[in-house]
$ cat query-v6.cif   # mmCIF, C-alpha atoms and all ligand atoms
data_model
loop_
_atom_site.label_atom_id
_atom_site.label_comp_id
_atom_site.auth_asym_id
_atom_site.auth_seq_id
_atom_site.Cartn_x
_atom_site.Cartn_y
_atom_site.Cartn_z
CA MET H 1 13.74 -4.30 20.91
CA LYS H 2 13.23 -0.71 19.69
CA ILE H 3 13.49 -0.27 15.93
CA LEU H 4 13.79 3.12 14.23
CA ALA H 5 12.07 2.64 10.86
CA PHE H 6 12.20 4.65 7.63
CA GLU H 7 9.81 4.61 4.67
CA THR H 8 10.29 6.86 1.60
CA SER H 9 9.21 4.71 -1.34
CA CYS H 10 6.76 7.22 -2.83
CA ASP H 11 5.43 10.58 -1.64
CA GLU H 12 5.32 10.09 2.12
CA THR H 13 8.38 10.66 4.28
CA ALA H 14 7.75 8.44 7.29
CA VAL H 15 9.78 7.62 10.40
CA ALA H 16 8.58 5.56 13.34
CA VAL H 17 9.79 3.80 16.46
CA VAL H 18 8.28 0.35 17.01
CA GLU H 19 8.93 -1.95 19.94
CA ASP H 20 9.07 -5.73 19.42
CA GLY H 21 7.22 -5.49 16.12
CA ARG H 22 3.87 -4.69 17.68
CA ARG H 23 3.98 -1.56 19.84
CA VAL H 24 4.11 1.82 18.09
CA LEU H 25 6.05 4.34 20.20
CA SER H 26 5.93 7.03 17.51
CA ASP H 27 4.79 7.33 13.92
CA ALA H 28 5.65 10.54 12.06
CA VAL H 29 4.35 10.83 8.49
CA LEU H 30 4.84 13.85 6.26
CA SER H 31 2.77 13.61 3.08
CA GLN H 32 3.85 15.44 -0.07
CA ALA H 33 0.51 14.75 -1.76
CA ASP H 34 -0.46 18.45 -1.92
CA MET H 35 2.78 19.27 -3.74
CA HIS H 36 2.20 16.58 -6.38
CA ALA H 37 -1.54 17.31 -6.71
CA VAL H 38 -0.88 20.30 -8.99
CA TYR H 39 0.80 17.92 -11.46
CA GLY H 40 -1.98 15.32 -11.22
CA GLY H 41 0.43 12.64 -9.96
CA VAL H 42 3.74 12.05 -8.21
CA VAL H 43 6.74 13.78 -9.81
CA PRO H 44 9.68 11.49 -8.91
CA GLU H 45 12.38 14.15 -8.64
CA ILE H 46 10.24 16.38 -6.46
CA ALA H 47 9.47 13.38 -4.24
CA SER H 48 13.20 12.63 -3.79
CA ARG H 49 14.06 16.22 -3.03
CA LYS H 50 11.27 16.60 -0.48
CA HIS H 51 12.44 13.41 1.28
CA VAL H 52 15.97 14.89 1.45
CA GLU H 53 14.61 18.02 3.13
CA ALA H 54 12.29 16.27 5.56
CA ILE H 55 13.92 13.06 6.71
CA ALA H 56 16.36 14.26 9.39
CA GLY H 57 13.79 16.48 11.08
CA LEU H 58 11.23 13.71 11.02
CA ALA H 59 13.71 11.27 12.57
CA GLU H 60 14.34 13.71 15.43
CA GLN H 61 10.59 14.20 15.86
CA SER H 62 9.97 10.47 15.92
CA LEU H 63 12.63 9.83 18.59
CA LYS H 64 11.27 12.70 20.68
CA GLU H 65 7.68 11.44 20.44
CA ALA H 66 8.82 7.94 21.37
CA GLY H 67 10.58 9.41 24.41
CA ILE H 68 13.89 7.73 23.60
CA THR H 69 17.41 8.94 22.85
CA ARG H 70 19.51 7.87 19.85
CA ALA H 71 21.47 5.59 22.18
CA GLU H 72 18.32 3.61 22.94
CA VAL H 73 17.74 2.62 19.29
CA ASP H 74 18.46 -1.12 18.97
CA ALA H 75 18.21 -1.40 15.18
CA VAL H 76 17.29 0.55 12.03
CA ALA H 77 14.78 -0.79 9.49
CA VAL H 78 14.24 0.71 6.05
CA THR H 79 12.25 0.17 2.86
CA TYR H 80 14.82 -0.93 0.25
CA ALA H 81 12.26 -1.87 -2.50
CA PRO H 82 10.02 -1.46 -4.43
CA GLY H 83 9.24 2.18 -5.20
CA LEU H 84 10.41 5.30 -7.00
CA ILE H 85 14.12 4.62 -7.11
CA GLY H 86 15.28 8.14 -6.20
CA ALA H 87 12.81 8.28 -3.32
CA VAL H 88 13.84 4.86 -1.96
CA LEU H 89 17.52 5.83 -2.22
CA VAL H 90 17.02 8.86 0.02
CA GLY H 91 15.50 6.81 2.85
CA LEU H 92 17.97 3.98 2.39
CA SER H 93 21.04 6.21 2.41
CA PHE H 94 19.83 8.08 5.48
CA ALA H 95 18.96 4.86 7.32
CA LYS H 96 22.39 3.40 6.49
CA SER H 97 24.11 6.48 7.89
CA VAL H 98 22.06 6.26 11.10
CA ALA H 99 22.79 2.53 11.53
CA TYR H 100 26.49 3.17 10.81
CA ALA H 101 26.75 6.08 13.23
CA LEU H 102 24.88 4.26 16.01
CA GLY H 103 26.59 0.92 15.37
CA VAL H 104 23.27 -0.96 15.25
CA PRO H 105 21.94 -3.57 12.76
CA LEU H 106 20.44 -2.40 9.46
CA ILE H 107 17.30 -4.32 8.47
CA PRO H 108 16.05 -4.20 4.85
CA VAL H 109 12.26 -4.37 4.50
CA HIS H 110 10.21 -4.96 1.33
CA HIS H 111 7.52 -2.27 1.11
CA VAL H 112 4.65 -4.71 0.48
CA ARG H 113 5.75 -6.90 3.39
CA GLY H 114 5.47 -3.69 5.42
CA HIS H 115 1.91 -3.06 4.26
CA ILE H 116 0.96 -6.57 5.35
CA ALA H 117 2.70 -6.05 8.71
CA ALA H 118 0.60 -2.93 9.40
CA ASN H 119 -2.02 -5.48 10.42
CA TYR H 120 0.24 -6.79 13.21
CA LEU H 121 0.08 -3.31 14.73
CA ALA H 122 -3.70 -3.18 14.58
CA PHE H 123 -4.44 -6.78 15.57
CA PRO H 124 -2.22 -8.15 18.36
CA GLU H 125 -3.63 -11.67 17.96
CA LEU H 126 -2.91 -11.87 14.20
CA LYS H 127 -0.23 -14.38 13.24
CA PRO H 128 0.60 -16.13 9.94
CA PRO H 129 -0.45 -18.19 8.11
CA PHE H 130 -3.03 -16.15 6.20
CA LEU H 131 -3.86 -14.94 2.72
CA ALA H 132 -3.11 -11.25 2.09
CA LEU H 133 -4.71 -9.01 -0.51
CA CYS H 134 -2.15 -6.23 -1.04
CA ILE H 135 -3.57 -3.27 -2.92
CA SER H 136 -1.76 0.05 -3.14
CA GLY H 137 -0.77 2.76 -5.59
CA GLY H 138 2.08 0.70 -7.00
CA ASN H 139 1.27 -2.93 -6.18
CA THR H 140 -1.59 -5.39 -6.50
CA LEU H 141 -0.74 -8.82 -5.16
CA LEU H 142 -2.35 -11.90 -3.67
CA VAL H 143 0.14 -13.29 -1.19
CA ASP H 144 0.16 -16.49 0.81
CA VAL H 145 1.81 -15.42 4.07
CA ARG H 146 3.09 -18.82 5.24
CA ASP H 147 5.17 -17.25 7.99
CA TYR H 148 6.34 -13.72 8.89
CA THR H 149 9.18 -13.88 6.38
CA ASP H 150 8.02 -16.75 4.14
CA LEU H 151 5.66 -15.27 1.55
CA LYS H 152 4.51 -16.64 -1.79
CA ILE H 153 2.83 -14.62 -4.55
CA MET H 154 -0.30 -16.38 -5.83
CA GLY H 155 -1.50 -13.70 -8.22
CA SER H 156 -0.66 -10.18 -9.31
CA THR H 157 -1.65 -7.47 -11.75
CA ARG H 158 -0.17 -7.77 -15.22
CA ASP H 159 -0.29 -4.03 -15.80
CA ASP H 160 -1.58 -1.18 -13.62
CA ALA H 161 -1.95 -1.41 -9.86
CA ALA H 162 -5.46 -1.02 -8.43
CA GLY H 163 -4.57 2.33 -6.80
CA GLU H 164 -3.02 3.66 -10.00
CA CYS H 165 -6.25 2.77 -11.77
CA PHE H 166 -8.32 4.65 -9.16
CA ASP H 167 -6.03 7.66 -9.54
CA LYS H 168 -6.29 7.68 -13.35
CA ALA H 169 -10.08 7.29 -13.33
CA ALA H 170 -10.33 10.09 -10.78
CA ARG H 171 -8.35 12.38 -13.07
CA VAL H 172 -10.85 11.75 -15.87
CA LEU H 173 -13.65 12.69 -13.47
CA ASP H 174 -11.81 15.93 -12.52
CA LEU H 175 -11.15 14.74 -8.99
CA PRO H 176 -7.97 15.74 -7.15
CA TYR H 177 -4.87 13.55 -6.73
CA PRO H 178 -4.64 11.08 -5.06
CA GLY H 179 -7.99 10.07 -6.46
CA GLY H 180 -8.88 6.91 -4.52
CA LYS H 181 -10.55 8.63 -1.59
CA PRO H 182 -12.46 11.24 -3.67
CA MET H 183 -13.64 8.41 -5.98
CA ASP H 184 -14.79 6.47 -2.92
CA ASP H 185 -16.69 9.51 -1.59
CA LEU H 186 -18.30 10.20 -4.98
CA ALA H 187 -19.34 6.55 -5.34
CA GLN H 188 -21.32 6.81 -2.09
CA GLN H 189 -23.75 9.15 -3.87
CA SER H 190 -24.98 6.49 -6.32
CA SER H 191 -25.94 2.84 -6.33
CA GLY H 192 -24.44 2.54 -9.83
CA GLY H 193 -25.65 0.04 -12.40
CA VAL H 194 -25.44 2.63 -15.20
CA TYR H 195 -22.15 1.88 -16.97
CA ALA H 196 -21.04 -1.53 -18.23
CA LEU H 197 -17.31 -1.73 -17.56
CA PRO H 198 -15.05 -4.53 -18.81
CA ARG H 199 -13.76 -7.36 -16.62
CA ALA H 200 -10.38 -8.82 -17.54
CA LYS H 201 -9.21 -12.43 -17.48
CA VAL H 202 -5.60 -13.48 -17.89
CA SER H 203 -5.82 -16.76 -19.74
CA GLY H 204 -4.01 -19.62 -18.05
CA CYS H 205 -3.39 -17.56 -14.89
CA ASP H 206 -6.78 -17.04 -13.36
CA LEU H 207 -5.44 -15.41 -10.17
CA ASP H 208 -3.61 -12.73 -12.14
CA MET H 209 -5.37 -9.45 -12.83
CA SER H 210 -5.40 -6.62 -15.34
CA PHE H 211 -6.66 -3.09 -14.79
CA SER H 212 -5.51 -1.24 -17.89
CA GLY H 213 -8.65 -2.09 -19.90
CA LEU H 214 -10.83 -0.77 -17.11
CA LYS H 215 -8.85 2.45 -17.01
CA THR H 216 -9.10 2.88 -20.77
CA ALA H 217 -12.85 2.19 -20.67
CA VAL H 218 -13.37 5.06 -18.21
CA VAL H 219 -11.20 7.39 -20.32
CA ASN H 220 -13.20 6.46 -23.46
CA LEU H 221 -16.56 6.91 -21.72
CA ALA H 222 -15.59 10.40 -20.60
CA HIS H 223 -14.14 11.27 -24.02
CA ASN H 224 -17.23 10.05 -25.92
CA ALA H 225 -19.61 11.84 -23.55
CA ALA H 226 -17.65 15.09 -24.01
CA GLN H 227 -17.66 14.72 -27.81
CA LYS H 228 -21.40 14.15 -27.89
CA GLY H 229 -21.99 16.93 -25.38
CA GLU H 230 -23.66 14.44 -23.03
CA ALA H 231 -23.45 14.76 -19.27
CA LEU H 232 -21.68 11.97 -17.48
CA ASP H 233 -23.31 10.52 -14.37
CA ARG H 234 -20.07 10.92 -12.44
CA ALA H 235 -21.32 9.36 -9.20
CA ALA H 236 -22.70 6.32 -11.05
CA LEU H 237 -19.44 5.94 -12.95
CA ALA H 238 -17.45 6.11 -9.70
CA ALA H 239 -19.74 3.48 -8.15
CA ASP H 240 -19.59 1.19 -11.20
CA PHE H 241 -15.83 1.62 -11.33
CA ALA H 242 -15.39 0.65 -7.67
CA ALA H 243 -17.65 -2.36 -8.24
CA ALA H 244 -15.55 -3.40 -11.25
CA VAL H 245 -12.25 -3.12 -9.34
CA SER H 246 -13.72 -4.98 -6.40
CA GLY H 247 -15.08 -7.60 -8.78
CA GLU H 248 -11.53 -8.25 -9.98
CA LEU H 249 -10.06 -8.43 -6.50
CA VAL H 250 -12.51 -10.07 -4.13
CA PRO H 251 -13.41 -13.32 -5.96
CA ARG H 252 -9.70 -13.93 -6.72
CA THR H 253 -8.83 -13.33 -3.07
CA MET H 254 -11.36 -15.95 -1.98
CA GLU H 255 -10.13 -18.39 -4.62
CA ALA H 256 -6.48 -17.85 -3.64
CA ALA H 257 -7.36 -18.46 0.03
CA LYS H 258 -9.13 -21.67 -0.93
CA ARG H 259 -6.18 -22.91 -3.01
CA ALA H 260 -3.67 -22.05 -0.27
CA GLY H 261 -5.90 -23.65 2.37
CA ARG H 262 -6.24 -20.43 4.36
CA SER H 263 -9.31 -19.42 6.33
CA VAL H 264 -7.84 -16.11 7.49
CA ILE H 265 -7.75 -13.19 5.05
CA VAL H 266 -5.94 -9.89 5.55
CA ALA H 267 -6.22 -6.71 3.48
CA ALA H 268 -3.29 -4.31 3.13
CA GLY H 269 -2.29 -1.07 1.37
CA GLY H 270 -3.88 2.26 0.55
CA VAL H 271 -6.69 0.83 -1.58
CA ALA H 272 -7.73 -1.39 1.35
CA ALA H 273 -9.38 1.82 2.63
CA ASN H 274 -11.96 1.56 -0.16
CA SER H 275 -15.45 1.09 1.23
CA ARG H 276 -16.79 -1.00 -1.66
CA ILE H 277 -13.85 -3.42 -1.48
CA ARG H 278 -14.10 -3.62 2.31
CA GLY H 279 -17.84 -4.33 2.14
CA ASP H 280 -17.44 -6.96 -0.58
CA LEU H 281 -14.64 -8.67 1.35
CA GLU H 282 -16.78 -8.71 4.49
CA ARG H 283 -19.70 -10.32 2.66
CA ALA H 284 -17.51 -12.86 0.86
CA CYS H 285 -15.69 -13.87 4.05
CA GLU H 286 -18.96 -14.25 5.93
CA ARG H 287 -20.34 -16.43 3.13
CA GLU H 288 -17.19 -18.61 3.00
CA GLY H 289 -16.68 -18.79 6.77
CA CYS H 290 -13.33 -16.96 6.63
CA GLN H 291 -11.98 -14.64 9.29
CA LEU H 292 -11.24 -11.19 7.86
CA TYR H 293 -8.80 -8.55 9.09
CA LEU H 294 -9.33 -5.09 7.62
CA PRO H 295 -6.71 -2.59 8.78
CA PRO H 296 -8.01 0.66 10.29
CA LEU H 297 -7.71 3.48 7.75
CA ARG H 298 -4.62 4.97 9.44
CA TRP H 299 -2.68 1.75 8.76
CA CYS H 300 -3.72 1.42 5.10
CA GLY H 301 -1.50 4.13 3.59
CA ASP H 302 2.29 4.37 3.69
CA ASN H 303 3.82 4.79 7.14
CA GLY H 304 7.04 4.03 8.97
CA ALA H 305 5.49 1.90 11.72
CA MET H 306 4.63 -0.90 9.28
CA ILE H 307 8.32 -1.04 8.30
CA GLY H 308 9.30 -1.24 11.97
CA ALA H 309 6.78 -4.05 12.50
CA GLN H 310 8.02 -6.18 9.60
CA GLY H 311 11.62 -5.19 10.38
CA TYR H 312 11.35 -6.91 13.75
CA TYR H 313 10.38 -10.23 12.15
CA GLU H 314 13.05 -9.85 9.45
CA TYR H 315 15.60 -9.34 12.23
CA LEU H 316 14.40 -12.44 14.11
CA ALA H 317 14.83 -14.40 10.85
CA GLY H 318 18.43 -13.16 10.61
CA ARG H 319 17.84 -10.82 7.68
CA VAL H 320 20.31 -8.07 8.44
CA ALA H 321 22.09 -6.12 5.69
CA ASP H 322 25.60 -4.75 5.47
CA MET H 323 26.56 -1.27 4.29
CA ALA H 324 26.50 -2.39 0.63
CA LEU H 325 22.68 -2.65 0.71
CA ASN H 326 21.19 -1.09 -2.43
CA ALA H 327 17.74 0.21 -3.41
CA TYR H 328 15.52 -1.43 -6.05
CA ALA H 329 12.58 -0.05 -8.01
CA THR H 330 11.15 -3.55 -8.34
CA ARG H 331 11.85 -6.62 -6.27
CA ASP H 332 10.08 -9.88 -5.55
CA ILE H 333 8.32 -9.96 -2.22
O1 LIG A 401 -0.42 2.30 0.14
P1 LIG A 401 -0.42 3.67 -0.42
O2 LIG A 401 -0.56 4.83 0.51
O3 LIG A 401 0.88 3.93 -1.26
C1 LIG A 401 1.53 2.96 -1.99
O4 LIG A 401 2.25 2.12 -1.38
O5 LIG A 401 1.32 2.97 -3.22
O6 LIG A 401 -1.58 3.69 -1.52
C2 LIG A 401 -1.91 4.83 -2.20
C3 LIG A 401 -3.06 4.52 -3.12
C4 LIG A 401 -3.41 5.68 -4.04
O7 LIG A 401 -3.53 5.18 -5.36
C5 LIG A 401 -4.77 6.15 -3.51
O8 LIG A 401 -5.58 6.75 -4.48
C6 LIG A 401 -5.35 4.86 -3.01
O9 LIG A 401 -4.25 4.22 -2.38
N1 LIG A 401 -6.45 5.03 -2.05
C7 LIG A 401 -7.70 4.58 -2.27
C8 LIG A 401 -8.49 4.99 -1.17
N2 LIG A 401 -7.68 5.66 -0.31
C9 LIG A 401 -6.43 5.67 -0.86
N3 LIG A 401 -8.22 3.90 -3.31
C10 LIG A 401 -9.54 3.59 -3.27
N4 LIG A 401 -10.35 3.96 -2.25
C11 LIG A 401 -9.87 4.65 -1.18
N5 LIG A 401 -10.70 5.00 -0.18
#
$ encode --input "query-v6.cif" --output "C-alpha cells"
Amino acid sequence: MKILAFETSCDETAVAVVEDGRRVLSDAVLSQADMHAVYGGVVPEIASRKHVEAIAGLAEQSLKEAGITRAEVDAVAVTYAPGLIGAVLVGLSFAKSVAYALGVPLIPVHHVRGHIAANYLAFPELKPPFLALCISGGNTLLVDVRDYTDLKIMGSTRDDAAGECFDKAARVLDLPYPGGKPMDDLAQQSSGGVYALPRAKVSGCDLDMSFSGLKTAVVNLAHNAAQKGEALDRAALAADFAAAVSGELVPRTMEAAKRAGRSVIVAAGGVAANSRIRGDLERACEREGCQLYLPPLRWCGDNGAMIGAQGYYEYLAGRVADMALNAYATRDI
C-alpha cells in the first residue's frame, strides 16, 4: 500500500511516499528554519504562508522521486494535530483536496505518533509494545506504546517542551535558532560541572516534568553575569544545561518503562538527536538490561515519512477520516 503523506505542523513542509508503513520511496522536506531564524523563533503566520507556497511543488517532487504517478497513490495521510494551527490547516486542507480528487482514503495522523513511527522506518524489527520518550520542540511525553494505535501517556511536561527549553537557552547564549543543535555542539567543548541548575519535581505526579524553572535559571545566570560584567563560561553552561535536561528525562523514562513492564525503550523527536541524552539513555538501558532504539538523526526531526509510517497502521486499525476532518493545535495522543 503506497501512502502519500503530508506534515506541516511547524516550520517544515514535508511530503513523502511510504510503502506498507516501512519502506520510504521518497521523503521531501523543505525547512523554513532560516526564514524564522532572523526572528529568533517560528513566526506562525510566516510558517503558514510558506507551507501554502511550497506544498504542491513538494508533492509533485515526492511523487516523482518515488517513481509513481498520482493514480498509484493508495491513500493520503496527514498530520491533523498538534501544532501551529494555521500551519496544520494548510497541510490538512491540501491533503483533503488530494484525497478527494484521487478518490482515496484520508488518514489522520497525530504528530507525536508520527515521531514514534519514524523508528519503524529505521528499525524493521521494531514492534510494539515499548516505552517511548517523545521529545521535540512542542512536546515532551513518556508514552506506553501498547500497540501501533493503542498508546497511553505516562508522563508529560507541565510547561515548556524540552526542545523549546533548548531553543530559549540557546537564545540567551547568542546561538542561532533552532538552538538545540548549536547548544549540543557547544556543550561538547566542556565537561561542565560549573553551574548548579535546578531540577523540578511535580508533587504527586513523579513522571511529569517541568522545564520552565530551568529556562528561567539560565536567563537569570546570563542576566546576572552581564550586570556584574562577568564572563559566562558558555560551553560549561551548555554542558550543565544538557545534563540537567537529560537528568529530568532519562531517570523518568527508565521508571516509566519499569512501571509499564517494558524492556524496550524508543526515543523520538528532534531532541532525541541530543548527544548527552542519547549517551545517558544508552548507559541507563545497559545498566537496567533494556533494549534501546535511538533513531538516526535524519529521522529525529519533522518529516513526512514518519506520517506515512504511522498512517499505514492507523489505516489497518480502520482510522480513516471523512472530508469534515479538522485541525487541532492540541490533541491527546
Ligand atoms: O521534532 P522537531 O523537528 O519538531 C517538532 O516536532 O517540534 O524538533 C525540533 C526541536 C527544536 O527545539 C530543536 O532545537 C531541537 O528539536 N533539537 C535539538 C537537537 N537537534 C534538534 N535539541 C537538542 N539537541 C539537539 N542535537
$ closest_atom_pairs --input "query-v6.cif" --of "stretch 106-204 of chain H" --to "stretch 325-331 of chain H" --cutoff "12 Å" --atoms "all atoms listed in the file" --output "CSV"
residue,atom,partner,partner_atom,distance
H:Leu106,CA,H:Leu325,CA,9.0
H:Ile107,CA,H:Leu325,CA,9.6
H:Pro108,CA,H:Leu325,CA,8.0
H:Val109,CA,H:Ala327,CA,10.7
H:His110,CA,H:Arg331,CA,8.0
H:His111,CA,H:Arg331,CA,9.6
H:Val112,CA,H:Arg331,CA,10.1
H:Arg113,CA,H:Arg331,CA,11.4
H:Gly138,CA,H:Thr330,CA,10.1
H:Asn139,CA,H:Thr330,CA,10.1
$ closest_atom_pairs --input "query-v6.cif" --of "stretch 82-189 of chain H" --to "stretch 1-15 of chain H" --cutoff "6 Å" --atoms "all atoms listed in the file" --output "JSON lines"
{"residue": "H:Gly83", "atom": "CA", "partner": "H:Ser9", "partner_atom": "CA", "distance": 4.6}
{"residue": "H:Leu84", "atom": "CA", "partner": "H:Ser9", "partner_atom": "CA", "distance": 5.8}
{"residue": "H:Ala87", "atom": "CA", "partner": "H:Ser9", "partner_atom": "CA", "distance": 5.4}
{"residue": "H:Val88", "atom": "CA", "partner": "H:Ser9", "partner_atom": "CA", "distance": 4.7}
{"residue": "H:Gly91", "atom": "CA", "partner": "H:Thr8", "partner_atom": "CA", "distance": 5.4}
$ closest_residue --input "query-v6.cif" --among "H:Gly192, H:Gly180, H:Pro296, H:Gly21" --to "ligand LIG 401 (chain A)" --atoms "only C-alpha atoms and all ligand atoms"
H:Gly180
$ residues_near_ligand --input "query-v6.cif" --ligand "ligand LIG 401 (chain A)" --cutoff "6 Å" --atoms "all atoms listed in the file" --output "short mmCIF file (atom, residue, chain, number, x, y, z; two decimals) with C-alpha atoms, in the frame of the given file"
data_model
loop_
_atom_site.label_atom_id
_atom_site.label_comp_id
_atom_site.auth_asym_id
_atom_site.auth_seq_id
_atom_site.Cartn_x
_atom_site.Cartn_y
_atom_site.Cartn_z
CA SER H 136 -1.76 0.05 -3.14
CA GLY H 137 -0.77 2.76 -5.59
CA GLY H 138 2.08 0.70 -7.00
CA GLY H 163 -4.57 2.33 -6.80
CA GLU H 164 -3.02 3.66 -10.00
CA PHE H 166 -8.32 4.65 -9.16
CA ASP H 167 -6.03 7.66 -9.54
CA PRO H 178 -4.64 11.08 -5.06
CA GLY H 179 -7.99 10.07 -6.46
CA GLY H 180 -8.88 6.91 -4.52
CA LYS H 181 -10.55 8.63 -1.59
CA ASP H 184 -14.79 6.47 -2.92
CA GLY H 269 -2.29 -1.07 1.37
CA GLY H 270 -3.88 2.26 0.55
CA VAL H 271 -6.69 0.83 -1.58
CA ALA H 273 -9.38 1.82 2.63
CA ASN H 274 -11.96 1.56 -0.16
CA GLY H 301 -1.50 4.13 3.59
CA ASP H 302 2.29 4.37 3.69
#
$ atom_distance --input "query-v6.cif" --atom1 "atom CA of H:Glu288" --atom2 "atom CA of H:Tyr120"
23.4 Å
$ closest_atom_pairs --input "query-v6.cif" --of "stretch 48-154 of chain H" --to "stretch 203-214 of chain H" --cutoff "10 Å" --atoms "only C-alpha atoms" --output "tab-separated table"
residue	atom	partner	partner_atom	distance
H:Thr140	CA	H:Met209	CA	8.4
H:Leu141	CA	H:Asp208	CA	8.5
H:Leu142	CA	H:Leu207	CA	8.0
H:Met154	CA	H:Leu207	CA	6.8
$ atom_distance --input "query-v6.cif" --atom1 "atom CA of H:Asp240" --atom2 "atom CA of H:Gly193"
6.3 Å
$ decode --input "query-v6.cif" --residues "stretch 130-146 of chain H" --atoms "N, CA and C atoms" --output "PDB file, in the first residue's frame"
ATOM      1  N   PHE H 130       6.414  -1.103  23.579  1.00  0.00           N
ATOM      2  CA  PHE H 130       7.641  -0.482  24.066  1.00  0.00           C
ATOM      3  C   PHE H 130       7.294   0.830  24.757  1.00  0.00           C
ATOM      4  N   LEU H 131       8.285   1.383  25.430  1.00  0.00           N
ATOM      5  CA  LEU H 131       8.111   2.677  26.092  1.00  0.00           C
ATOM      6  C   LEU H 131       8.787   3.731  25.225  1.00  0.00           C
ATOM      7  N   ALA H 132       8.074   4.799  24.893  1.00  0.00           N
ATOM      8  CA  ALA H 132       8.662   5.833  24.024  1.00  0.00           C
ATOM      9  C   ALA H 132       8.880   7.136  24.791  1.00  0.00           C
ATOM     10  N   LEU H 133      10.082   7.669  24.633  1.00  0.00           N
ATOM     11  CA  LEU H 133      10.394   9.014  25.136  1.00  0.00           C
ATOM     12  C   LEU H 133      10.292   9.953  23.938  1.00  0.00           C
ATOM     13  N   CYS H 134       9.256  10.809  23.949  1.00  0.00           N
ATOM     14  CA  CYS H 134       8.999  11.692  22.804  1.00  0.00           C
ATOM     15  C   CYS H 134       9.400  13.106  23.170  1.00  0.00           C
ATOM     16  N   ILE H 135      10.450  13.602  22.538  1.00  0.00           N
ATOM     17  CA  ILE H 135      10.980  14.913  22.918  1.00  0.00           C
ATOM     18  C   ILE H 135      11.212  15.759  21.662  1.00  0.00           C
ATOM     19  N   SER H 136      10.395  16.809  21.543  1.00  0.00           N
ATOM     20  CA  SER H 136      10.534  17.658  20.355  1.00  0.00           C
ATOM     21  C   SER H 136      10.387  19.118  20.761  1.00  0.00           C
ATOM     22  N   GLY H 137      10.234  19.979  19.746  1.00  0.00           N
ATOM     23  CA  GLY H 137      10.122  21.406  20.029  1.00  0.00           C
ATOM     24  C   GLY H 137       8.813  21.764  20.722  1.00  0.00           C
ATOM     25  N   GLY H 138       7.788  20.964  20.516  1.00  0.00           N
ATOM     26  CA  GLY H 138       6.482  21.288  21.071  1.00  0.00           C
ATOM     27  C   GLY H 138       5.936  20.271  22.055  1.00  0.00           C
ATOM     28  N   ASN H 139       6.588  19.106  22.164  1.00  0.00           N
ATOM     29  CA  ASN H 139       6.037  18.037  23.004  1.00  0.00           C
ATOM     30  C   ASN H 139       7.117  17.339  23.819  1.00  0.00           C
ATOM     31  N   THR H 140       6.767  16.951  25.030  1.00  0.00           N
ATOM     32  CA  THR H 140       7.651  16.124  25.855  1.00  0.00           C
ATOM     33  C   THR H 140       6.770  15.124  26.581  1.00  0.00           C
ATOM     34  N   LEU H 141       6.827  13.884  26.133  1.00  0.00           N
ATOM     35  CA  LEU H 141       5.892  12.872  26.632  1.00  0.00           C
ATOM     36  C   LEU H 141       6.588  11.538  26.861  1.00  0.00           C
ATOM     37  N   LEU H 142       6.130  10.836  27.892  1.00  0.00           N
ATOM     38  CA  LEU H 142       6.511   9.442  28.089  1.00  0.00           C
ATOM     39  C   LEU H 142       5.287   8.628  27.711  1.00  0.00           C
ATOM     40  N   VAL H 143       5.439   7.763  26.726  1.00  0.00           N
ATOM     41  CA  VAL H 143       4.274   7.069  26.181  1.00  0.00           C
ATOM     42  C   VAL H 143       4.468   5.555  26.216  1.00  0.00           C
ATOM     43  N   ASP H 144       3.482   4.864  26.775  1.00  0.00           N
ATOM     44  CA  ASP H 144       3.491   3.409  26.703  1.00  0.00           C
ATOM     45  C   ASP H 144       2.818   3.025  25.384  1.00  0.00           C
ATOM     46  N   VAL H 145       3.622   2.524  24.447  1.00  0.00           N
ATOM     47  CA  VAL H 145       3.083   2.137  23.135  1.00  0.00           C
ATOM     48  C   VAL H 145       2.675   0.668  23.245  1.00  0.00           C
ATOM     49  N   ARG H 146       1.394   0.446  23.588  1.00  0.00           N
ATOM     50  CA  ARG H 146       0.913  -0.917  23.831  1.00  0.00           C
ATOM     51  C   ARG H 146       0.721  -1.647  22.515  1.00  0.00           C
TER      52      ARG H 146
END
